[in-house]
Amino acid sequence: MISMNTSVDWARLRTDFPILNQQVHGKPLVYFDNAATSQKPRSVIDALTHYYERDNANVHRGIHELSNRSTTAFEAARTRAARFINARSADEIIFTRGTTEGINLVAAAWGAQNLKPGDVILLTELEHHSNLVPWQMIARRTGAKVAYIPVTGDEGTLDLTRLDALLTSQVKILSLVHISNSMGTVNPVQEICARARSRGIVTLVDGAQSAGHLPVDVQAIGCDFFAFSGHKICGPTGIGVLWGRQEILDAMPPYQGGGEMILSVGYQKTEYKPSPHRFEAGTPDISGPIGLHAAMDYLDAIGREKIWQHDQQLANYAYEQLGALKNIRMFGPKVNRAGLVSFLLKDVHAHDVVTLADQGGVALRGGHHCTQPLMHKLGVESTARASFYFYNTPAEVDVFITVIKEIQKFFAA
Amino acid sequence: MFDDINDLYQQVILDHCKKPRNFHELPQCSCSAQGFNPLCGDNLKLFLTLEGDVIKDAGFVGSGCCISKASASLLTENVKGKTRAEAEQMFERVRELVTTGKTTGDVGKLAVFAGVYKYPARVKCAILSWHALIGALKGQAAPVSTENEQT
Ligand SMILES: Cc1ncc(COP(=O)(O)O)c(C=O)c1O
């Protein structure tokens with residue numbers, strides 16, 4: 001058993017999450033699927049309820065009291081999001097449906113304007129489908145090509161010795177994941193972005209797995225775009241944030257057209273609002289940012305450096321114990337891993353592991369984790385994954401390890 | 001710990017997934033079809049040798065979860081000696097069995113799949129090889145999948 005940082009009352013925090021207090025198949029729920037989505041604390045649920053019970057109205061349109069209130073709350077969330085990732089200004093915060101939409105926005109709007117035949121979009125072999133498919137789509141439309149920074153092997157780390165050779169003058173944008181959702185790799189994004197930037201290459205960081213788990217400072221990272229999802233950081237589903245550097249956003253064409261994003265509309269010609277409203281056509285998700293605001297407050301009241309330490313401790317503990325088992329293949333880095341473990345049991349398919357673990361009350365994920373090309377590269381179809389958050393405990397890791405040992409026995413017998 | 005789940009992982013199923021029967025290609029086969037569920041990675045190829053209207057031999061290769069492998073293994077045993085029409089009828093019975101837990105008519109050893117319907121996420125695994133069977137009999141070239149449709 002390990003001991004966690006005692007400056008935080010982790011057990012009390014756990015009671016803020018009503019959903020965690022339940023039994024599944026007669027066993028206490030052990031929720032280890034946090035990389036897919038996180039659970040929501042009472043304060044986030046209450047913020048949503050309060051909004052719908054007291055303040056609901058469309059934003060930026062009405063001049064009545066409720067519309068004022070909802071507009072104020074909506075824009076306060078934008079300001080809060082800017083502070084959450086240390087953006088220079090709230091005008092650099094675009095609300096999206098999530099990481100996926102953020103990347104699609106950049107690929108479609110920035111890509112259509114800036115990519116031409118022969119240009120290269122540089123990605124990594126670790127990417128989630130949401131940071132692959134939008135680029136393949138815009139590459140097909142513009143004649144640009146997609147190239148990849150290679151992964152070294154089961155450890156899931158990038159081969160950065162190849163980086164300088166890959167950063168050719170054809171590369172126009174580099175888009176990469178901060179923390180890999182299937183391997184737990186933490187990429188040195190600050191160093192990589194600096195090297196790309198010195199060659200005039202635009203950079204995007206996929207922060208889906210990082211934003212709620214460690215302190216994020218987009219100015220320190222030195223990227224041009226940063227995307228994350230609310231639902232993975234204790235916020236509601238359906239809301240996310242795309243941060244973009246002001247100068248780049250100002251030069252970008254709109255993504256979608258409609259209400260909210262215009263200054264004036266004629267039958268032939270329309271003038272667009274500046275960022276961020278230019279990129280937010282139509283009635284937005286209003287409760288989403290309000291719930292996300294509560295989530296960001298909640299996380300920062302704990303402190304993301306403490307959350308990071310806690311997640312890493314749990315992951316290291318789980319990794320050590322799993323790694324000591326026979327007939328197991330471990331994935332992801334041995335050092336500096338994020339809060340998840342990815343593995344395969346010999347002769348047991350990941351889906352059988354997940355079905356059986358579920359019977360033990362343990363919620364895992366099995367599959368390709370939306371990183372199919374990476375799975376192919378490693379020669380596997382899927383892995384089983386346990387992903388942690390601050391409300392998880394070492395005792396839950398012990399339950400998980402016991403369950404995995406039982407699964408091995410079940411299939412060996 | 002896993003007492004409740006024996007209705008899914010019956011002994012016969014565990015046995016067939018660990019030691020699949022007819023687990024080989026049939027180089028002289030009359031027809032074959034691929035079953036592929038890209039989301040979970042279940043991927044198998046089914047081979048049939050027909051004499052007239054009768055399935056004389058069946059084999060399969062591939063990889064996947066325990067349920068999909070056992071299902072393919074038991075399928076190959078089951079359909080040998082059946083006519084096309086009988087095999088198609090068996091497909092209907094198995095489909096009913098894995099989606100409802102009940103079936104009209106005899107399914108022999110395949111009755112071990114009666115518990116699958118309680119695990120909705122796994123129905124697609126149990127039925128994949130059977131869709132491949134229908135694909136092979138119809139001479140379908142494209143791989144069949146059971147991930148996006150109602151089984
Ligand atoms: C690394 C990474 N990128 C992108 C995404 C996509 O996030 P969303 O589905 O919330 O848009 C995820 C979530 O699964 C992820 O883990």
# chains A, B, ... in the order shown; residues from 1 in each chain; ligands from 1

call {"tool": "residues_near_ligand", "arguments": {"ligand": "ligand 1", "cutoff": "8 Å", "atoms": "only C-alpha atoms and all ligand atoms", "output": "ChimeraX atom specification"}}
result
/A:35-37,97-102,127-131,177-182,206-209,228-232,237-238,240,369-370

call {"tool": "closest_atom_pairs", "arguments": {"of": "chain A", "to": "chain B", "cutoff": "7 Å", "atoms": "only C-alpha atoms", "output": "CSV"}}
result
residue,atom,partner,partner_atom,distance
A:His349,CA,B:Cys65,CA,4.8
A:His351,CA,B:Cys65,CA,6.4
A:Asp352,CA,B:Cys65,CA,6.3
A:Gln359,CA,B:Phe2,CA,6.6
A:Gly360,CA,B:Met1,CA,6.9
A:Gly367,CA,B:Cys40,CA,5.5
A:Glu381,CA,B:Gly41,CA,5.3
A:Ser382,CA,B:Gly41,CA,6.9

call {"tool": "closest_residue", "arguments": {"among": "B:Gln89, B:Asn22, B:Gln34, B:Ser73", "to": "Asp57 of chain B", "atoms": "only C-alpha atoms"}}
result
B:Asn22

call {"tool": "residues_around", "arguments": {"residues": "segment 18-31 of chain A", "least_positions_apart": "6", "cutoff": "10 Å", "atoms": "only C-alpha atoms", "output": "ChimeraX atom specification"}}
result
/A:38-42,45,357-364,386-389,391-393,395-397,399-400 /B:4

call {"tool": "residues_around", "arguments": {"residues": "Tyr317 of chain A", "least_positions_apart": "3", "cutoff": "8 Å", "atoms": "only C-alpha atoms", "output": "list in words"}}
result
Ile2, Gln313, Leu314, Glu320, Gln321, Pro394 and Val397 of chain A

call {"tool": "select_by_dssp", "arguments": {"residues": "segment 81-131 of chain A", "states": "strand (DSSP E or B)", "output": "NGL selection string"}}
result
:A and (93-96 or 120-124)

call {"tool": "closest_residue", "arguments": {"among": "B:Lys45, B:Ala70, B:Gly62, B:Gly81", "to": "Lys19 of chain B", "atoms": "only C-alpha atoms"}}
result
B:Ala70

call {"tool": "residues_around", "arguments": {"residues": "Asp224 of chain A", "least_positions_apart": "6", "cutoff": "10 Å", "atoms": "only C-alpha atoms", "output": "PyMOL selection string"}}
result
chain A and resi 173-175+193+197+201-205+218+243-249

call {"tool": "write_last_selection", "arguments": {"atoms": "all heavy atoms", "output": "compact mmCIF listing (two decimals), in the first residue's frame"}}
result
# COMPACT_ATOMS: atom_id res chain seq x y z
N ILE A 173 2.20 22.88 -40.26
CA ILE A 173 1.61 22.76 -38.93
C ILE A 173 2.04 21.45 -38.29
O ILE A 173 2.20 20.43 -38.98
CB ILE A 173 0.06 22.88 -38.97
CG1 ILE A 173 -0.52 22.90 -37.54
CG2 ILE A 173 -0.59 21.75 -39.80
CD1 ILE A 173 -1.92 23.48 -37.44
N LEU A 174 2.27 21.52 -37.00
CA LEU A 174 2.58 20.33 -36.20
C LEU A 174 1.47 20.21 -35.16
O LEU A 174 1.24 21.14 -34.39
CB LEU A 174 3.94 20.49 -35.51
CG LEU A 174 4.27 19.52 -34.37
CD1 LEU A 174 4.31 18.08 -34.85
CD2 LEU A 174 5.63 19.87 -33.75
N SER A 175 0.79 19.06 -35.15
CA SER A 175 -0.29 18.88 -34.19
C SER A 175 -0.03 17.60 -33.42
O SER A 175 0.15 16.54 -34.01
CB SER A 175 -1.64 18.79 -34.93
OG SER A 175 -2.70 18.74 -33.99
N CYS A 193 7.40 22.20 -29.32
CA CYS A 193 6.81 23.40 -29.91
C CYS A 193 7.87 24.47 -30.16
O CYS A 193 7.82 25.19 -31.16
CB CYS A 193 5.70 23.97 -29.01
SG CYS A 193 4.22 22.93 -29.03
N ARG A 197 8.40 26.11 -33.69
CA ARG A 197 8.18 27.55 -33.78
C ARG A 197 9.39 28.28 -34.37
O ARG A 197 9.23 29.24 -35.13
CB ARG A 197 7.93 28.09 -32.38
CG ARG A 197 6.65 28.85 -32.24
CD ARG A 197 6.42 29.20 -30.78
NE ARG A 197 6.27 30.65 -30.65
CZ ARG A 197 5.25 31.32 -31.14
NH1 ARG A 197 4.29 30.71 -31.81
NH2 ARG A 197 5.17 32.63 -30.97
N ILE A 201 6.73 27.13 -37.86
CA ILE A 201 5.64 26.15 -38.00
C ILE A 201 4.59 26.40 -36.92
O ILE A 201 4.92 26.60 -35.74
CB ILE A 201 6.20 24.71 -37.87
CG1 ILE A 201 7.18 24.44 -39.01
CG2 ILE A 201 5.09 23.68 -37.83
CD1 ILE A 201 8.04 23.21 -38.81
N VAL A 202 3.32 26.39 -37.32
CA VAL A 202 2.21 26.56 -36.39
C VAL A 202 2.03 25.26 -35.59
O VAL A 202 2.22 24.17 -36.13
CB VAL A 202 0.92 26.92 -37.16
CG1 VAL A 202 -0.30 26.88 -36.26
CG2 VAL A 202 1.07 28.29 -37.80
N THR A 203 1.70 25.37 -34.31
CA THR A 203 1.59 24.17 -33.48
C THR A 203 0.23 24.07 -32.77
O THR A 203 -0.31 25.09 -32.32
CB THR A 203 2.69 24.14 -32.39
OG1 THR A 203 2.65 25.39 -31.69
CG2 THR A 203 4.06 23.92 -33.00
N LEU A 204 -0.28 22.86 -32.69
CA LEU A 204 -1.51 22.59 -31.95
C LEU A 204 -1.23 21.48 -30.95
O LEU A 204 -0.61 20.47 -31.30
CB LEU A 204 -2.63 22.17 -32.89
CG LEU A 204 -4.04 21.93 -32.30
CD1 LEU A 204 -5.12 22.15 -33.36
CD2 LEU A 204 -4.24 20.57 -31.65
N VAL A 205 -1.67 21.66 -29.72
CA VAL A 205 -1.51 20.63 -28.70
C VAL A 205 -2.89 20.11 -28.30
O VAL A 205 -3.78 20.89 -27.94
CB VAL A 205 -0.74 21.16 -27.47
CG1 VAL A 205 -0.76 20.14 -26.33
CG2 VAL A 205 0.70 21.51 -27.84
N VAL A 218 -0.51 27.74 -21.47
CA VAL A 218 -0.31 27.69 -22.93
C VAL A 218 0.81 28.61 -23.38
O VAL A 218 1.47 28.34 -24.39
CB VAL A 218 -1.61 28.02 -23.70
CG1 VAL A 218 -2.63 26.89 -23.55
CG2 VAL A 218 -2.19 29.36 -23.30
N TRP A 243 -8.27 27.03 -27.49
CA TRP A 243 -7.52 28.28 -27.32
C TRP A 243 -6.68 28.49 -28.58
O TRP A 243 -6.10 27.53 -29.11
CB TRP A 243 -6.60 28.20 -26.09
CG TRP A 243 -5.62 29.34 -26.05
CD1 TRP A 243 -5.87 30.61 -25.60
CD2 TRP A 243 -4.25 29.33 -26.51
NE1 TRP A 243 -4.74 31.39 -25.75
CE2 TRP A 243 -3.74 30.64 -26.31
CE3 TRP A 243 -3.43 28.36 -27.08
CZ2 TRP A 243 -2.43 30.99 -26.65
CZ3 TRP A 243 -2.13 28.71 -27.43
CH2 TRP A 243 -1.64 30.02 -27.20
N GLY A 244 -6.65 29.73 -29.04
CA GLY A 244 -5.78 30.06 -30.16
C GLY A 244 -5.11 31.39 -29.91
O GLY A 244 -5.67 32.27 -29.25
N ARG A 245 -3.90 31.53 -30.40
CA ARG A 245 -3.16 32.79 -30.29
C ARG A 245 -3.93 33.88 -31.04
O ARG A 245 -4.34 33.68 -32.19
CB ARG A 245 -1.81 32.60 -30.93
CG ARG A 245 -0.66 33.22 -30.24
CD ARG A 245 0.62 32.83 -30.94
NE ARG A 245 1.30 31.76 -30.24
CZ ARG A 245 1.98 31.94 -29.10
NH1 ARG A 245 2.07 33.13 -28.56
NH2 ARG A 245 2.57 30.93 -28.51
N GLN A 246 -4.12 35.02 -30.40
CA GLN A 246 -4.95 36.09 -30.96
C GLN A 246 -4.63 36.43 -32.41
O GLN A 246 -5.52 36.50 -33.26
CB GLN A 246 -4.80 37.35 -30.10
CG GLN A 246 -5.75 38.47 -30.47
CD GLN A 246 -7.12 38.26 -29.85
OE1 GLN A 246 -7.25 38.12 -28.65
NE2 GLN A 246 -8.15 38.22 -30.68
N GLU A 247 -3.33 36.60 -32.72
CA GLU A 247 -2.95 37.02 -34.08
C GLU A 247 -3.42 36.00 -35.11
O GLU A 247 -3.87 36.36 -36.20
CB GLU A 247 -1.42 37.14 -34.25
CG GLU A 247 -0.67 37.85 -33.15
CD GLU A 247 -0.37 36.97 -31.95
OE1 GLU A 247 0.67 36.29 -31.91
OE2 GLU A 247 -1.23 36.99 -31.03
N ILE A 248 -3.32 34.72 -34.74
CA ILE A 248 -3.71 33.66 -35.69
C ILE A 248 -5.22 33.61 -35.83
O ILE A 248 -5.75 33.50 -36.95
CB ILE A 248 -3.14 32.30 -35.22
CG1 ILE A 248 -1.62 32.37 -35.23
CG2 ILE A 248 -3.64 31.17 -36.11
CD1 ILE A 248 -0.92 31.05 -35.06
N LEU A 249 -5.92 33.74 -34.71
CA LEU A 249 -7.39 33.71 -34.77
C LEU A 249 -7.91 34.87 -35.60
O LEU A 249 -8.85 34.72 -36.40
CB LEU A 249 -7.99 33.77 -33.36
CG LEU A 249 -7.75 32.55 -32.46
CD1 LEU A 249 -8.43 32.77 -31.11
CD2 LEU A 249 -8.26 31.26 -33.10

call {"tool": "residues_around", "arguments": {"residues": "Pro27 of chain B", "least_positions_apart": "2", "cutoff": "9 Å", "atoms": "only C-alpha atoms", "output": "list in words"}}
result
Glu25, Cys29 and Phe47 of chain B

call {"tool": "residues_around", "arguments": {"residues": "Leu128 of chain B", "least_positions_apart": "5", "cutoff": "7 Å", "atoms": "only C-alpha atoms", "output": "ChimeraX atom specification"}}
result
/B:35,68,145-146

call {"tool": "closest_atom_pairs", "arguments": {"of": "segment 267-337 of chain A", "to": "segment 51-54 of chain A", "cutoff": "10 Å", "atoms": "only C-alpha atoms", "output": "CSV"}}
result
residue,atom,partner,partner_atom,distance
A:Ile286,CA,A:Tyr51,CA,9.1
A:Ser287,CA,A:Tyr51,CA,6.7
A:Ile290,CA,A:Tyr51,CA,7.8
A:Gly291,CA,A:Tyr51,CA,8.9
